[in-house]
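Asks: What follows is protein-v8.tsv, made up of TSV, C-alpha atoms:
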chain	number	residue	atom	x	y	z
A	1	MET	CA	96.85	-30.50	48.26
A	2	SER	CA	93.53	-32.39	48.46
A	3	LYS	CA	90.34	-30.40	48.67
A	4	LYS	CA	88.71	-29.79	52.03
A	5	ARG	CA	85.36	-31.55	52.31
A	6	ILE	CA	82.50	-29.29	53.42
A	7	ALA	CA	79.09	-30.70	54.37
A	8	VAL	CA	76.18	-28.31	53.85
A	9	VAL	CA	73.11	-29.17	55.95
A	10	PHE	CA	69.67	-27.90	54.92
A	11	GLY	CA	65.94	-28.42	55.55
A	12	GLY	CA	65.08	-29.38	59.10
A	13	VAL	CA	62.14	-29.77	61.47
A	14	SER	CA	61.28	-26.08	61.65
A	15	PRO	CA	58.61	-23.68	60.39
A	16	GLU	CA	61.48	-22.13	58.41
A	17	TYR	CA	62.15	-25.28	56.36
A	18	ASP	CA	61.31	-23.59	53.03
A	19	VAL	CA	63.59	-20.63	53.77
A	20	SER	CA	66.42	-23.04	54.58
A	21	LEU	CA	66.12	-24.68	51.15
A	22	LYS	CA	66.43	-21.34	49.35
A	23	SER	CA	69.34	-20.17	51.51
A	24	ALA	CA	71.16	-23.48	51.08
A	25	TYR	CA	70.76	-23.36	47.30
A	26	SER	CA	72.48	-19.98	47.21
A	27	VAL	CA	75.28	-21.11	49.54
A	28	ILE	CA	75.92	-24.34	47.61
A	29	SER	CA	75.96	-22.46	44.31
A	30	ALA	CA	78.57	-20.03	45.65
A	31	ILE	CA	81.05	-22.49	47.18
A	32	CYS	CA	84.27	-22.66	45.18
A	33	THR	CA	84.48	-26.27	43.95
A	34	GLU	CA	88.13	-25.75	43.01
A	35	LYS	CA	88.90	-25.39	46.73
A	36	TYR	CA	86.23	-27.54	48.35
A	37	GLU	CA	84.45	-30.84	47.85
A	38	VAL	CA	80.81	-30.28	48.78
A	39	VAL	CA	78.70	-32.94	50.51
A	40	LEU	CA	74.96	-32.26	50.81
A	41	LEU	CA	72.95	-33.38	53.84
A	42	GLY	CA	69.21	-32.82	53.71
A	43	ILE	CA	66.82	-33.12	56.65
A	44	THR	CA	63.17	-33.74	55.80
A	45	ARG	CA	60.29	-32.01	57.57
A	46	ASP	CA	59.83	-35.08	59.78
A	47	GLY	CA	63.50	-35.23	60.76
A	48	GLN	CA	64.95	-37.88	58.43
A	49	TRP	CA	68.57	-37.24	57.39
A	50	TYR	CA	69.74	-38.06	53.86
A	51	ARG	CA	72.94	-37.71	51.87
A	52	TYR	CA	71.68	-35.87	48.80
A	53	MET	CA	73.48	-36.53	45.53
A	54	GLY	CA	71.03	-35.11	42.99
A	55	GLY	CA	70.91	-31.79	41.16
A	56	ILE	CA	70.88	-28.70	43.35
A	57	ASP	CA	68.02	-27.12	41.35
A	58	ASP	CA	65.65	-29.57	43.08
A	59	ILE	CA	66.56	-28.19	46.52
A	60	PRO	CA	64.77	-24.80	46.55
A	61	VAL	CA	61.57	-26.32	45.08
A	62	ASP	CA	61.60	-29.11	47.72
A	63	LYS	CA	62.00	-32.01	45.29
A	64	TRP	CA	65.39	-33.07	46.64
A	65	HIS	CA	64.03	-35.88	48.84
A	66	VAL	CA	61.91	-37.57	46.15
A	67	ASN	CA	64.75	-39.92	45.16
A	68	LYS	CA	64.66	-42.55	47.90
A	69	THR	CA	68.05	-44.01	46.96
A	70	HIS	CA	69.76	-41.39	49.09
A	71	LEU	CA	71.66	-42.79	52.03
A	72	VAL	CA	70.45	-42.28	55.59
A	73	THR	CA	73.17	-40.35	57.41
A	74	ALA	CA	74.33	-39.50	60.89
A	75	ILE	CA	77.10	-37.28	62.20
A	76	ILE	CA	79.36	-39.35	64.43
A	77	PRO	CA	82.65	-38.92	66.35
A	78	PRO	CA	85.20	-41.42	65.01
A	79	SER	CA	88.37	-41.91	67.03
A	80	GLN	CA	90.45	-39.34	65.12
A	81	SER	CA	88.24	-37.11	63.00
A	82	GLY	CA	84.52	-36.52	62.77
A	83	GLY	CA	82.51	-37.65	59.82
A	84	ILE	CA	79.22	-38.79	58.34
A	85	MET	CA	78.00	-42.36	58.68
A	86	GLU	CA	76.05	-43.56	55.67
A	87	LEU	CA	73.81	-46.62	55.64
A	88	LYS	CA	73.06	-48.56	52.47
A	89	ASP	CA	71.87	-52.14	52.12
A	90	GLY	CA	72.58	-52.75	55.78
A	91	HIS	CA	76.20	-51.63	55.58
A	92	ALA	CA	77.70	-48.54	57.22
A	93	THR	CA	80.52	-46.44	55.81
A	94	ILE	CA	82.13	-43.30	57.22
A	95	LEU	CA	82.89	-40.23	55.15
A	96	PRO	CA	85.24	-37.80	56.98
A	97	VAL	CA	84.42	-34.09	56.62
A	98	ASP	CA	86.52	-31.04	57.42
A	99	ALA	CA	83.67	-28.67	58.36
A	100	ILE	CA	79.90	-28.52	58.47
A	101	PHE	CA	77.98	-25.53	57.13
A	102	PRO	CA	74.51	-25.62	58.71
A	103	VAL	CA	71.97	-23.60	56.74
A	104	LEU	CA	69.12	-24.34	59.14
A	105	HIS	CA	66.89	-21.48	60.24
A	106	GLY	CA	64.98	-21.43	63.51
A	107	LYS	CA	64.26	-24.28	65.88
A	108	ASN	CA	66.18	-27.57	65.64
A	109	GLY	CA	69.04	-26.01	63.73
A	110	GLU	CA	69.78	-22.44	64.73
A	111	ASP	CA	69.30	-23.10	68.44
A	112	GLY	CA	72.50	-25.02	69.18
A	113	THR	CA	71.18	-28.54	68.61
A	114	VAL	CA	73.06	-29.27	65.39
A	115	GLN	CA	76.04	-27.18	66.53
A	116	GLY	CA	76.34	-29.35	69.64
A	117	LEU	CA	76.19	-32.49	67.51
A	118	CYS	CA	79.04	-31.17	65.36
A	119	GLU	CA	81.13	-30.23	68.39
A	120	LEU	CA	80.65	-33.69	69.93
A	121	ALA	CA	81.88	-35.15	66.66
A	122	GLY	CA	84.90	-32.83	66.66
A	123	ILE	CA	83.87	-31.20	63.39
A	124	PRO	CA	84.31	-27.42	62.96
A	125	VAL	CA	81.01	-25.70	62.26
A	126	VAL	CA	80.50	-22.61	60.12
A	127	GLY	CA	79.01	-19.91	62.31
A	128	CYS	CA	78.24	-19.78	66.01
A	129	GLY	CA	78.79	-22.74	68.30
A	130	LEU	CA	76.44	-24.47	70.70
A	131	ALA	CA	76.40	-21.99	73.58
A	132	ALA	CA	76.06	-18.80	71.51
A	133	SER	CA	73.45	-20.36	69.22
A	134	ALA	CA	71.29	-21.46	72.15
A	135	LEU	CA	71.74	-18.15	73.96
A	136	CYS	CA	70.90	-15.97	70.97
A	137	MET	CA	67.78	-18.04	70.33
A	138	ASP	CA	66.61	-17.35	73.89
A	139	LYS	CA	65.37	-13.76	73.69
A	140	VAL	CA	64.95	-13.38	77.46
A	141	ARG	CA	68.44	-14.49	78.50
A	142	ALA	CA	70.08	-12.69	75.58
A	143	HIS	CA	68.40	-9.45	76.67
A	144	LYS	CA	69.60	-9.88	80.24
A	145	LEU	CA	73.24	-10.31	79.21
A	146	VAL	CA	73.19	-7.48	76.67
A	147	SER	CA	71.65	-5.19	79.28
A	148	LEU	CA	74.54	-5.98	81.62
A	149	ALA	CA	76.90	-4.95	78.80
A	150	GLY	CA	75.39	-1.47	78.93
A	151	ILE	CA	73.06	-1.58	75.91
A	152	LYS	CA	69.42	-0.76	76.43
A	153	VAL	CA	66.78	-3.47	75.99
A	154	THR	CA	63.00	-3.28	75.90
A	155	ASN	CA	60.91	-3.45	79.07
A	156	SER	CA	59.31	-6.89	79.21
A	157	ILE	CA	57.71	-9.67	81.25
A	158	CYS	CA	58.05	-13.42	80.73
A	159	PHE	CA	55.80	-16.45	81.31
A	160	GLU	CA	56.79	-20.11	81.39
A	161	GLN	CA	53.19	-21.30	81.25
A	162	PRO	CA	49.93	-19.64	80.19
A	163	PRO	CA	48.65	-17.57	83.15
A	164	PRO	CA	44.97	-16.92	83.94
A	165	ASP	CA	43.66	-14.00	81.85
A	166	GLU	CA	43.23	-11.69	84.85
A	167	GLU	CA	46.77	-12.36	86.09
A	168	LEU	CA	48.14	-11.83	82.59
A	169	ILE	CA	46.44	-8.47	82.09
A	170	THR	CA	47.43	-7.29	85.56
A	171	ALA	CA	51.08	-8.20	84.93
A	172	ALA	CA	51.09	-6.45	81.56
A	173	SER	CA	49.35	-3.31	82.75
A	174	GLY	CA	52.69	-1.83	83.83
A	175	LEU	CA	53.98	-1.92	80.24
A	176	LYS	CA	53.29	0.74	77.64
A	177	LEU	CA	51.15	-0.14	74.64
A	178	PRO	CA	51.59	-1.36	71.99
A	179	LEU	CA	53.01	-4.64	73.21
A	180	PHE	CA	54.69	-7.39	71.24
A	181	VAL	CA	53.98	-10.96	72.34
A	182	LYS	CA	56.74	-13.36	71.25
A	183	PRO	CA	57.68	-17.00	71.65
A	184	VAL	CA	61.10	-16.87	73.30
A	185	LYS	CA	62.79	-19.31	70.91
A	186	THR	CA	61.54	-18.95	67.32
A	187	GLY	CA	62.67	-17.16	64.16
A	188	SER	CA	61.14	-15.38	61.16
A	189	SER	CA	58.54	-13.73	63.46
A	190	PHE	CA	56.47	-16.92	63.81
A	191	GLY	CA	53.97	-16.58	66.66
A	192	ILE	CA	54.56	-12.84	67.19
A	193	THR	CA	51.55	-10.57	67.67
A	194	MET	CA	51.32	-6.82	68.18
A	195	VAL	CA	48.78	-5.98	70.89
A	196	GLU	CA	47.23	-2.50	70.98
A	197	ASP	CA	44.48	-3.36	73.47
A	198	LEU	CA	45.03	-5.45	76.62
A	199	ALA	CA	41.84	-7.35	75.82
A	200	MET	CA	43.72	-8.90	72.86
A	201	LEU	CA	46.51	-10.17	75.10
A	202	PRO	CA	45.17	-13.64	76.09
A	203	THR	CA	44.65	-14.64	72.45
A	204	ALA	CA	48.11	-13.39	71.48
A	205	VAL	CA	49.74	-15.25	74.37
A	206	LYS	CA	47.91	-18.45	73.42
A	207	GLU	CA	49.22	-18.10	69.86
A	208	ALA	CA	52.79	-17.59	71.08
A	209	PHE	CA	52.60	-20.63	73.36
A	210	SER	CA	51.66	-22.76	70.35
A	211	TYR	CA	55.24	-22.18	69.10
A	212	ASP	CA	57.24	-22.39	72.33
A	213	ASP	CA	56.94	-23.18	76.03
A	214	VAL	CA	58.16	-19.74	77.14
A	215	VAL	CA	56.63	-16.42	76.04
A	216	THR	CA	57.85	-12.85	76.48
A	217	ILE	CA	55.81	-9.65	76.24
A	218	GLU	CA	57.77	-6.56	75.26
A	219	GLU	CA	56.99	-2.88	74.98
A	220	GLY	CA	57.03	-1.50	71.45
A	221	VAL	CA	59.89	0.82	70.47
A	222	ALA	CA	59.05	4.01	68.58
A	223	GLY	CA	61.57	4.16	65.77
A	224	PHE	CA	62.76	1.62	63.20
A	225	GLU	CA	64.61	-1.69	63.19
A	226	ALA	CA	68.20	-1.63	61.99
A	227	GLY	CA	70.35	-4.65	61.20
A	228	CYS	CA	74.10	-5.12	61.21
A	229	ALA	CA	75.97	-8.05	59.65
A	230	VAL	CA	79.01	-9.13	61.68
A	231	ILE	CA	81.63	-11.72	60.71
A	232	GLY	CA	84.73	-12.91	62.52
A	233	ASN	CA	86.05	-14.92	65.44
A	234	HIS	CA	88.35	-12.46	67.21
A	235	GLU	CA	88.83	-9.63	64.72
A	236	LEU	CA	85.39	-8.49	63.57
A	237	THR	CA	84.21	-7.08	60.27
A	238	VAL	CA	80.84	-5.35	59.99
A	239	GLY	CA	78.61	-4.65	57.03
A	240	ARG	CA	76.60	-1.54	56.31
A	241	ILE	CA	73.55	-0.89	58.44
A	242	ASP	CA	70.16	-1.55	56.86
A	243	GLU	CA	66.76	-0.15	57.83
A	244	ILE	CA	63.33	-1.77	57.82
A	245	GLU	CA	60.53	0.61	56.87
A	246	LEU	CA	57.08	-0.73	57.72
A	247	ALA	CA	54.11	0.65	55.83
A	248	GLN	CA	52.03	0.80	59.01
A	249	GLY	CA	54.81	2.35	61.09
A	250	LEU	CA	55.17	0.38	64.33
A	251	GLY	CA	54.21	-3.22	63.63
A	252	VAL	CA	55.43	-6.77	63.06
A	253	PHE	CA	57.90	-7.46	60.26
A	254	ASP	CA	56.24	-10.86	59.85
A	255	TYR	CA	57.13	-13.95	57.82
A	256	GLU	CA	55.21	-12.86	54.74
A	257	GLU	CA	56.72	-9.38	54.71
A	258	LYS	CA	60.24	-10.70	55.35
A	259	TYR	CA	60.15	-12.82	52.22
A	260	THR	CA	57.79	-10.91	49.90
A	261	LEU	CA	58.16	-7.22	50.95
A	262	LYS	CA	54.60	-6.57	49.77
A	263	THR	CA	54.31	-3.36	51.79
A	264	ALA	CA	57.56	-3.10	53.78
A	265	LYS	CA	60.82	-1.73	52.41
A	266	ILE	CA	64.43	-2.45	53.32
A	267	HIS	CA	66.81	0.46	52.85
A	268	MET	CA	70.43	-0.60	52.44
A	269	PRO	CA	72.27	1.44	53.51
A	270	ALA	CA	69.95	2.85	56.16
A	271	ARG	CA	68.84	6.46	55.86
A	272	ILE	CA	71.06	7.66	58.69
A	273	ASP	CA	74.21	9.74	59.01
A	274	ALA	CA	77.71	8.28	59.25
A	275	GLU	CA	78.03	8.92	62.98
A	276	THR	CA	74.79	7.07	63.75
A	277	GLU	CA	75.79	4.17	61.51
A	278	SER	CA	79.12	3.93	63.34
A	279	ARG	CA	77.34	3.85	66.71
A	280	LEU	CA	75.09	1.03	65.54
A	281	GLN	CA	78.05	-0.94	64.19
A	282	ASP	CA	79.94	-0.51	67.46
A	283	ALA	CA	76.88	-1.64	69.43
A	284	ALA	CA	76.54	-4.68	67.16
A	285	LYS	CA	80.14	-5.67	67.92
A	286	VAL	CA	79.54	-5.37	71.67
A	287	ILE	CA	76.40	-7.52	71.42
A	288	TYR	CA	78.15	-10.11	69.22
A	289	ARG	CA	81.01	-10.48	71.69
A	290	THR	CA	78.75	-10.39	74.76
A	291	LEU	CA	76.73	-13.35	73.49
A	292	GLY	CA	79.81	-15.33	72.48
A	293	CYS	CA	79.18	-15.27	68.73
A	294	ARG	CA	81.75	-16.39	66.20
A	295	GLY	CA	81.84	-16.95	62.47
A	296	TYR	CA	78.93	-14.69	61.63
A	297	ALA	CA	75.58	-13.37	62.85
A	298	ARG	CA	73.13	-10.59	62.14
A	299	VAL	CA	72.50	-8.24	65.06
A	300	ASP	CA	69.08	-6.55	65.02
A	301	MET	CA	68.52	-3.33	66.96
A	302	PHE	CA	66.01	-0.51	67.13
A	303	LEU	CA	66.96	3.11	66.59
A	304	THR	CA	64.52	5.30	68.47
A	305	GLU	CA	63.20	8.67	67.32
A	306	ASN	CA	65.72	10.40	69.60
A	307	GLY	CA	68.68	8.35	68.35
A	308	GLU	CA	68.85	5.80	71.17
A	309	ILE	CA	69.94	2.23	70.36
A	310	VAL	CA	67.79	-0.60	71.77
A	311	PHE	CA	68.74	-4.27	71.35
A	312	ASN	CA	66.22	-6.56	69.65
A	313	GLU	CA	67.80	-9.94	68.86
A	314	VAL	CA	70.65	-11.81	67.16
A	315	ASN	CA	70.12	-14.20	64.25
A	316	THR	CA	72.98	-16.71	64.22
A	317	ILE	CA	71.88	-18.19	60.86
A	318	PRO	CA	70.10	-15.31	59.11
A	319	GLY	CA	68.46	-15.63	55.71
A	320	PHE	CA	71.26	-16.37	53.28
A	321	THR	CA	70.04	-16.16	49.72
A	322	SER	CA	72.14	-13.92	47.50
A	323	HIS	CA	69.54	-11.15	47.95
A	324	SER	CA	68.96	-11.57	51.70
A	325	ARG	CA	69.72	-8.83	54.21
A	326	PHE	CA	72.97	-10.25	55.60
A	327	PRO	CA	74.73	-10.70	52.23
A	328	ASN	CA	73.47	-7.30	51.06
A	329	MET	CA	74.91	-5.59	54.14
A	330	MET	CA	78.26	-7.24	53.51
A	331	LYS	CA	78.05	-6.38	49.82
A	332	GLY	CA	77.58	-2.77	50.87
A	333	ALA	CA	80.89	-3.08	52.74
A	334	GLY	CA	82.62	-4.42	49.63
A	335	MET	CA	82.32	-8.20	50.09
A	336	GLN	CA	80.57	-10.04	47.26
A	337	TYR	CA	78.47	-13.14	47.95
A	338	PRO	CA	80.96	-15.86	46.81
A	339	GLN	CA	83.73	-14.08	48.73
A	340	LEU	CA	81.50	-13.99	51.83
A	341	VAL	CA	80.72	-17.72	51.68
A	342	ASP	CA	84.42	-18.50	51.21
A	343	LYS	CA	85.37	-16.31	54.17
A	344	LEU	CA	82.87	-18.02	56.47
A	345	ILE	CA	84.23	-21.44	55.58
A	346	GLU	CA	87.78	-20.20	56.18
A	347	LEU	CA	86.78	-18.88	59.61
A	348	ALA	CA	85.41	-22.31	60.54
A	349	LEU	CA	88.51	-24.14	59.31
A	350	MET	CA	90.75	-21.74	61.26
A	351	ARG	CA	89.24	-22.90	64.53
A	352	SER	CA	90.60	-26.03	66.10
A	353	SER	CA	88.09	-28.87	66.24
A	354	THR	CA	88.91	-29.10	69.96
A	355	ALA	CA	88.31	-25.42	70.71
A	356	ILE	CA	85.91	-24.72	73.52
A	357	ASP	CA	82.88	-22.72	72.52
A	358	ASN	CA	83.24	-19.22	73.88
Once you've parsed the file, please lay out its structure as structure tokens.
Replies:
Amino acid sequence: MSKKRIAVVFGGVSPEYDVSLKSAYSVISAICTEKYEVVLLGITRDGQWYRYMGGIDDIPVDKWHVNKTHLVTAIIPPSQSGGIMELKDGHATILPVDAIFPVLHGKNGEDGTVQGLCELAGIPVVGCGLAASALCMDKVRAHKLVSLAGIKVTNSICFEQPPPDEELITAASGLKLPLFVKPVKTGSSFGITMVEDLAMLPTAVKEAFSYDDVVTIEEGVAGFEAGCAVIGNHELTVGRIDEIELAQGLGVFDYEEKYTLKTAKIHMPARIDAETESRLQDAAKVIYRTLGCRGYARVDMFLTENGEIVFNEVNTIPGFTSHSRFPNMMKGAGMQYPQLVDKLIELALMRSSTAIDN
């Protein structure tokens, strides 16, 4: 049998461009080339798409796009099977692909844009589809649906445009400090500020609006953040629960801490008993299904000081280097990194290219 052709997409117009390069390098390195033919599609910071045919060691150090002989590409829907259109010397050729593995973190990649493009082309995509990707990226709507499923969410208010300072402070005065001001649709904690004094709120809201056109303000949760890796389409498999320990207690697990851990610690498995871990895993499954996820996602929750579970968010394309949280949670459950990558590709190939996103 001929090998299935898998296109891995990396880079992108997102503040998380650099993280995407590192995640993609790990994914590409782990794909079994005896089973799959790998095609590499890189997106530059300014949105140019290229078919990359150089060495993969140039990807994590952002040298992949230096060779300008790469072909400009587009994902298109041919009459029978989706593929990649390549342009060279004024001529277009089409390379059919069996699945696309987007390793694009944050905006313009994790938010349903690329997933929708793949679905229009009739190409199976590794991970969540258009609707779930867009929904999970929208913190406000995701919270509303998860709340209806019976899982507690934080008290919050939302603004679609910057309000006058007096109106802002009045609206937020009903929430308990500290508050967390967040852009509704970003990842890696970009634009998030912890506010301990209402006088700080206008500046924090202005910062959040620089990343998105909708901003939410949430009450802080006394406890710690716990993550759960989930994979599957219908039958779900969960990883071990991990725990984020912040040096300052309640605070922002920001971009620098996520990728350097200068002061924060990640405990995997979390320092909790088996019954609590099981409750968190069960809640993660409910959240995953409620938001229509498939393939894989990382569900982030808070565990309060009295053992209550509070939903935080879902990352549909979490950090995916071999030492990132998601792979480590699955490793804790007995699934090694190459096995995990292989399983995710299999899950995508199992779905019909005409399946409707759930």
Asks: Could you check which of A:Val153, A:Leu148, A:Leu280, A:Ile56 is closest to Val230 (chain A), using all atoms listed in the file?
Replies: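 Going through A:Val153, A:Leu148, A:Leu280, A:Ile56 one by one, the smallest distance to Val230 (chain A) is for A:Leu280.
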Asks: Between A:Ile217, A:Tyr296, A:Asp273, A:Ala171, which has the minimum distance to Thr193 (chain A) (counting all atoms listed in the file)?
Replies: A:Ile217
Asks: Taking into account all atoms listed in the file, which residue in the set A:Pro202, A:Gly227, A:Gly174, A:Gly150 is nearest to Pro162 (chain A)?
Replies: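 Closest residue, counting all atoms listed in the file: A:Pro202.
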Asks: With only C-alpha atoms as the basis for distance, which of A:Glu16, A:Glu235, A:Glu160, A:Asp282 is at the shortest distance from Pro318 (chain A)?
Replies: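 The closest residue to Pro318 (chain A) is A:Glu16.
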Asks: For Gly232 (chain A), which residue among A:Leu344, A:Ala270, A:Ala208, A:Val299 is the nearest when counting all atoms listed in the file?
Replies: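 Going through A:Leu344, A:Ala270, A:Ala208, A:Val299 one by one, the smallest distance to Gly232 (chain A) is for A:Leu344.
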Asks: Calculate how many Å separate CA of Ala134 (chain A) from CA of Lys107 (chain A), rounding to one decimal.
Replies: 9.8 Å
Asks: By how many Å are CA of Leu104 (chain A) and CA of His65 (chain A) apart?
Replies: 16.3 Å
